[in-house]
Amino acid sequence: MGAAEPLSGAPRYGVLALDLPGHGRSEGLPLASVEAIADWIPALLDAAGVKQAALVGHSMGSLAALDCAARHAGRVSRIALIGTAFPMRVSAELLDATKNDEPLAQDMVNIWSHSAYAHYPSNPGPGFWVMGENLRLMQRQRPGVMHVDFAACNAYAAGMERAAQVACPALLVLGRRDVMTPARSGRELARAIRGARVVEVAGSGHALMAEKPDDVLDALIGFLQPATTSAG
């Protein structure tokens, strides 16, 4: 990894798209707390030979990026928090479903994550089904991982304290129709981060990268322009 030369004046970045332990193709057990994920990130950067990176995180990943930036400040150049809020409480019904009825939990999350059940004609391309894709990704998770993740979000209590400790530039990208991490809660978190910028995406729920990919990308490119390496 490292800096990439711009092509025709366009910004270029070295990007590390990661699977957390126990997720996707990564081995091991899922990390049981936001703090544990935040502490794992510098180890990942060490393994990749990266001294400092911009962190881009969505939902639980945004809390990990926030916590890492506060407690490992020398490793983080800036943070972009997408679909974020604090506290990131999980309803008792959903938390129970993640433990005892994963198919039900997946349906609940899939419905609540999106601004509409059907996105035609605003799908990114022919044959692209936003909700179907998200459901299939959740179905590919190993049993038990969903509960660990949602329990970690629900238990995280240090958000405002960490926000006050962040010294690097910060961007929050919020969905105006997000019912899982409402934009009003994201704005409250932003006020606790010195100099934080907020971009609100109209017509998007919690799944911003799927529903409004161009809006998210535009916000990130503008924010990361001075950066050379990102991980998230």
# chains A, B, ... in the order shown; residues from 1 in each chain; ligands from 1

call {"tool": "residues_around", "arguments": {"residues": "stretch 89-98 of chain A", "least_positions_apart": "2", "cutoff": "12 Å", "atoms": "only C-alpha atoms", "output": "MDAnalysis selection string"}}
result
chainID A and resid 59:60 84:87 100:110 112 138 141:157 159 179:182 185

call {"tool": "closest_residue", "arguments": {"among": "A:Arg78, A:His206, A:Arg140, A:Arg187", "to": "A:His114", "atoms": "only C-alpha atoms"}}
result
A:His206

call {"tool": "residues_around", "arguments": {"residues": "A:Val216", "least_positions_apart": "4", "cutoff": "10 Å", "atoms": "only C-alpha atoms", "output": "list in words"}}
result
Ile82, Val173, Leu174, Gly175, Val199, Glu200, Val201, Leu208, Met209, Ala210, Glu211, Lys212, Leu220 and Ile221 of chain A

call {"tool": "write_last_selection", "arguments": {"atoms": "all heavy atoms", "output": "tab-separated table (two decimals), in the first residue's frame"}}
result
chain	number	residue	atom	x	y	z
A	82	ILE	N	-20.15	6.95	8.29
A	82	ILE	CA	-21.33	6.84	7.42
A	82	ILE	C	-22.44	6.10	8.17
A	82	ILE	O	-22.20	5.05	8.77
A	82	ILE	CB	-20.97	6.08	6.13
A	82	ILE	CG1	-19.80	6.77	5.42
A	82	ILE	CG2	-22.18	5.99	5.20
A	82	ILE	CD1	-19.26	5.98	4.24
A	173	VAL	N	-21.59	11.26	7.13
A	173	VAL	CA	-22.52	11.15	6.00
A	173	VAL	C	-23.76	10.45	6.52
A	173	VAL	O	-23.71	9.28	6.92
A	173	VAL	CB	-21.90	10.37	4.83
A	173	VAL	CG1	-22.86	10.33	3.65
A	173	VAL	CG2	-20.57	10.99	4.41
A	174	LEU	N	-24.89	11.16	6.51
A	174	LEU	CA	-26.11	10.69	7.16
A	174	LEU	C	-27.25	10.57	6.15
A	174	LEU	O	-27.38	11.41	5.25
A	174	LEU	CB	-26.52	11.66	8.26
A	174	LEU	CG	-25.41	12.09	9.25
A	174	LEU	CD1	-25.94	13.16	10.19
A	174	LEU	CD2	-24.88	10.90	10.02
A	175	GLY	N	-28.06	9.54	6.29
A	175	GLY	CA	-29.24	9.38	5.46
A	175	GLY	C	-30.44	10.06	6.09
A	175	GLY	O	-30.77	9.80	7.25
A	199	VAL	N	-22.69	15.77	5.93
A	199	VAL	CA	-23.38	15.70	4.65
A	199	VAL	C	-24.61	14.84	4.84
A	199	VAL	O	-24.50	13.69	5.29
A	199	VAL	CB	-22.48	15.11	3.54
A	199	VAL	CG1	-23.29	14.87	2.27
A	199	VAL	CG2	-21.30	16.03	3.26
A	200	GLU	N	-25.78	15.38	4.54
A	200	GLU	CA	-27.02	14.61	4.64
A	200	GLU	C	-27.47	14.22	3.23
A	200	GLU	O	-27.53	15.07	2.34
A	200	GLU	CB	-28.10	15.40	5.36
A	200	GLU	CG	-27.78	15.64	6.82
A	200	GLU	CD	-28.96	16.19	7.59
A	200	GLU	OE1	-30.12	16.02	7.12
A	200	GLU	OE2	-28.74	16.80	8.65
A	201	VAL	N	-27.77	12.95	3.06
A	201	VAL	CA	-28.15	12.43	1.75
A	201	VAL	C	-29.66	12.25	1.71
A	201	VAL	O	-30.23	11.43	2.45
A	201	VAL	CB	-27.44	11.09	1.47
A	201	VAL	CG1	-27.85	10.56	0.11
A	201	VAL	CG2	-25.92	11.26	1.55
A	208	LEU	N	-26.71	3.51	2.94
A	208	LEU	CA	-26.38	4.62	2.03
A	208	LEU	C	-25.55	4.18	0.84
A	208	LEU	O	-25.75	4.67	-0.27
A	208	LEU	CB	-25.63	5.71	2.79
A	208	LEU	CG	-26.45	6.53	3.78
A	208	LEU	CD1	-26.13	6.09	5.20
A	208	LEU	CD2	-26.14	8.01	3.63
A	209	MET	N	-24.59	3.27	1.05
A	209	MET	CA	-23.70	2.89	-0.05
A	209	MET	C	-24.45	2.16	-1.16
A	209	MET	O	-24.04	2.20	-2.32
A	209	MET	CB	-22.56	2.03	0.44
A	209	MET	CG	-21.61	2.75	1.41
A	209	MET	SD	-22.20	2.67	3.11
A	209	MET	CE	-21.95	0.93	3.47
A	210	ALA	N	-25.55	1.49	-0.82
A	210	ALA	CA	-26.34	0.78	-1.82
A	210	ALA	C	-27.40	1.68	-2.45
A	210	ALA	O	-27.64	1.64	-3.65
A	210	ALA	CB	-27.02	-0.45	-1.20
A	211	GLU	N	-28.03	2.52	-1.61
A	211	GLU	CA	-29.12	3.35	-2.11
A	211	GLU	C	-28.63	4.60	-2.84
A	211	GLU	O	-29.24	5.02	-3.84
A	211	GLU	CB	-30.02	3.76	-0.94
A	211	GLU	CG	-30.78	2.59	-0.33
A	211	GLU	CD	-31.88	3.06	0.59
A	211	GLU	OE1	-31.61	3.78	1.57
A	211	GLU	OE2	-33.04	2.70	0.32
A	212	LYS	N	-27.57	5.20	-2.35
A	212	LYS	CA	-27.07	6.45	-2.94
A	212	LYS	C	-25.54	6.38	-3.09
A	212	LYS	O	-24.81	7.19	-2.50
A	212	LYS	CB	-27.47	7.64	-2.08
A	212	LYS	CG	-28.96	7.87	-1.97
A	212	LYS	CD	-29.57	8.33	-3.29
A	212	LYS	CE	-31.06	8.61	-3.15
A	212	LYS	NZ	-31.66	9.08	-4.43
A	220	LEU	N	-17.07	11.44	-0.04
A	220	LEU	CA	-15.79	10.90	0.39
A	220	LEU	C	-14.63	11.48	-0.42
A	220	LEU	O	-13.58	11.82	0.13
A	220	LEU	CB	-15.79	9.38	0.26
A	220	LEU	CG	-16.67	8.62	1.25
A	220	LEU	CD1	-16.62	7.12	0.97
A	220	LEU	CD2	-16.25	8.91	2.68
A	221	ILE	N	-14.80	11.59	-1.72
A	221	ILE	CA	-13.73	12.14	-2.56
A	221	ILE	C	-13.40	13.57	-2.14
A	221	ILE	O	-12.23	13.95	-2.00
A	221	ILE	CB	-14.11	12.08	-4.05
A	221	ILE	CG1	-14.11	10.63	-4.55
A	221	ILE	CG2	-13.16	12.93	-4.89
A	221	ILE	CD1	-14.60	10.46	-5.96

call {"tool": "closest_residue", "arguments": {"among": "A:Asn134, A:Ser62, A:Ser115, A:Ser33", "to": "A:Ala163", "atoms": "only C-alpha atoms"}}
result
A:Ser62

call {"tool": "select_by_dssp", "arguments": {"residues": "stretch 60-188 of chain A", "states": "helix (DSSP H, G or I)", "output": "ChimeraX atom specification"}}
result
/A:60-71,73-75,92-100,102-113,130-139,145-155,159-165,183-188

call {"tool": "residues_around", "arguments": {"residues": "A:Leu66", "least_positions_apart": "3", "cutoff": "8 Å", "atoms": "only C-alpha atoms", "output": "VMD selection string"}}
result
chain A and resid 62 to 63 69 to 70 79 81 159 162 to 163 166

call {"tool": "write_last_selection", "arguments": {"atoms": "C-alpha atoms", "output": "compact mmCIF listing (two decimals), in the first residue's frame"}}
result
# COMPACT_ATOMS: atom_id res chain seq x y z
CA SER A 62 -18.21 4.16 12.20
CA LEU A 63 -18.08 3.64 15.97
CA ALA A 69 -9.20 7.97 16.09
CA ALA A 70 -9.57 9.02 19.72
CA ILE A 79 -12.33 9.73 9.75
CA LEU A 81 -18.47 8.09 9.60
CA GLY A 159 -19.13 7.66 22.02
CA ARG A 162 -14.31 9.65 22.29
CA ALA A 163 -15.88 12.28 20.03
CA VAL A 166 -10.92 13.34 18.17

call {"tool": "select_by_dssp", "arguments": {"residues": "stretch 106-206 of chain A", "states": "strand (DSSP E or B)", "output": "compact mmCIF listing (two decimals) with N, CA, C and O atoms, in the first residue's frame"}}
result
# COMPACT_ATOMS: atom_id res chain seq x y z
N ALA A 170 -12.99 15.25 10.48
CA ALA A 170 -14.06 14.25 10.53
C ALA A 170 -15.21 14.65 9.62
O ALA A 170 -15.58 15.82 9.54
N LEU A 171 -15.76 13.66 8.94
CA LEU A 171 -16.93 13.82 8.08
C LEU A 171 -17.99 12.82 8.52
O LEU A 171 -17.68 11.65 8.75
N LEU A 172 -19.22 13.27 8.62
CA LEU A 172 -20.35 12.38 8.89
C LEU A 172 -21.28 12.42 7.69
O LEU A 172 -21.71 13.51 7.28
N VAL A 173 -21.59 11.26 7.13
CA VAL A 173 -22.52 11.15 6.00
C VAL A 173 -23.76 10.45 6.52
O VAL A 173 -23.71 9.28 6.92
N LEU A 174 -24.89 11.16 6.51
CA LEU A 174 -26.11 10.69 7.16
C LEU A 174 -27.25 10.57 6.15
O LEU A 174 -27.38 11.41 5.25
N GLY A 175 -28.06 9.54 6.29
CA GLY A 175 -29.24 9.38 5.46
C GLY A 175 -30.44 10.06 6.09
O GLY A 175 -30.77 9.80 7.25
N ARG A 197 -17.59 17.93 9.76
CA ARG A 197 -18.47 18.29 8.64
C ARG A 197 -19.58 17.25 8.53
O ARG A 197 -19.37 16.07 8.82
N VAL A 198 -20.76 17.70 8.12
CA VAL A 198 -21.91 16.80 7.98
C VAL A 198 -22.47 16.92 6.57
O VAL A 198 -22.68 18.03 6.07
N VAL A 199 -22.69 15.77 5.93
CA VAL A 199 -23.38 15.70 4.65
C VAL A 199 -24.61 14.84 4.84
O VAL A 199 -24.50 13.69 5.29
N GLU A 200 -25.78 15.38 4.54
CA GLU A 200 -27.02 14.61 4.64
C GLU A 200 -27.47 14.22 3.23
O GLU A 200 -27.53 15.07 2.34
N VAL A 201 -27.77 12.95 3.06
CA VAL A 201 -28.15 12.43 1.75
C VAL A 201 -29.66 12.25 1.71
O VAL A 201 -30.23 11.43 2.45

call {"tool": "closest_residue", "arguments": {"among": "A:Lys51, A:Ala207, A:Asp39, A:Cys168", "to": "A:Cys68", "atoms": "only C-alpha atoms"}}
result
A:Asp39

call {"tool": "closest_residue", "arguments": {"among": "A:Ala38, A:Ile193, A:Val56, A:Leu44", "to": "A:Ala219", "atoms": "only C-alpha atoms"}}
result
A:Val56

call {"tool": "atom_distance", "arguments": {"atom1": "atom CA of A:Gly57", "atom2": "atom CA of A:Ala80"}}
result
6.4 Å

call {"tool": "closest_residue", "arguments": {"among": "A:Gly205, A:Pro21, A:Gly49, A:Pro213", "to": "A:Ser113", "atoms": "only C-alpha atoms"}}
result
A:Gly205
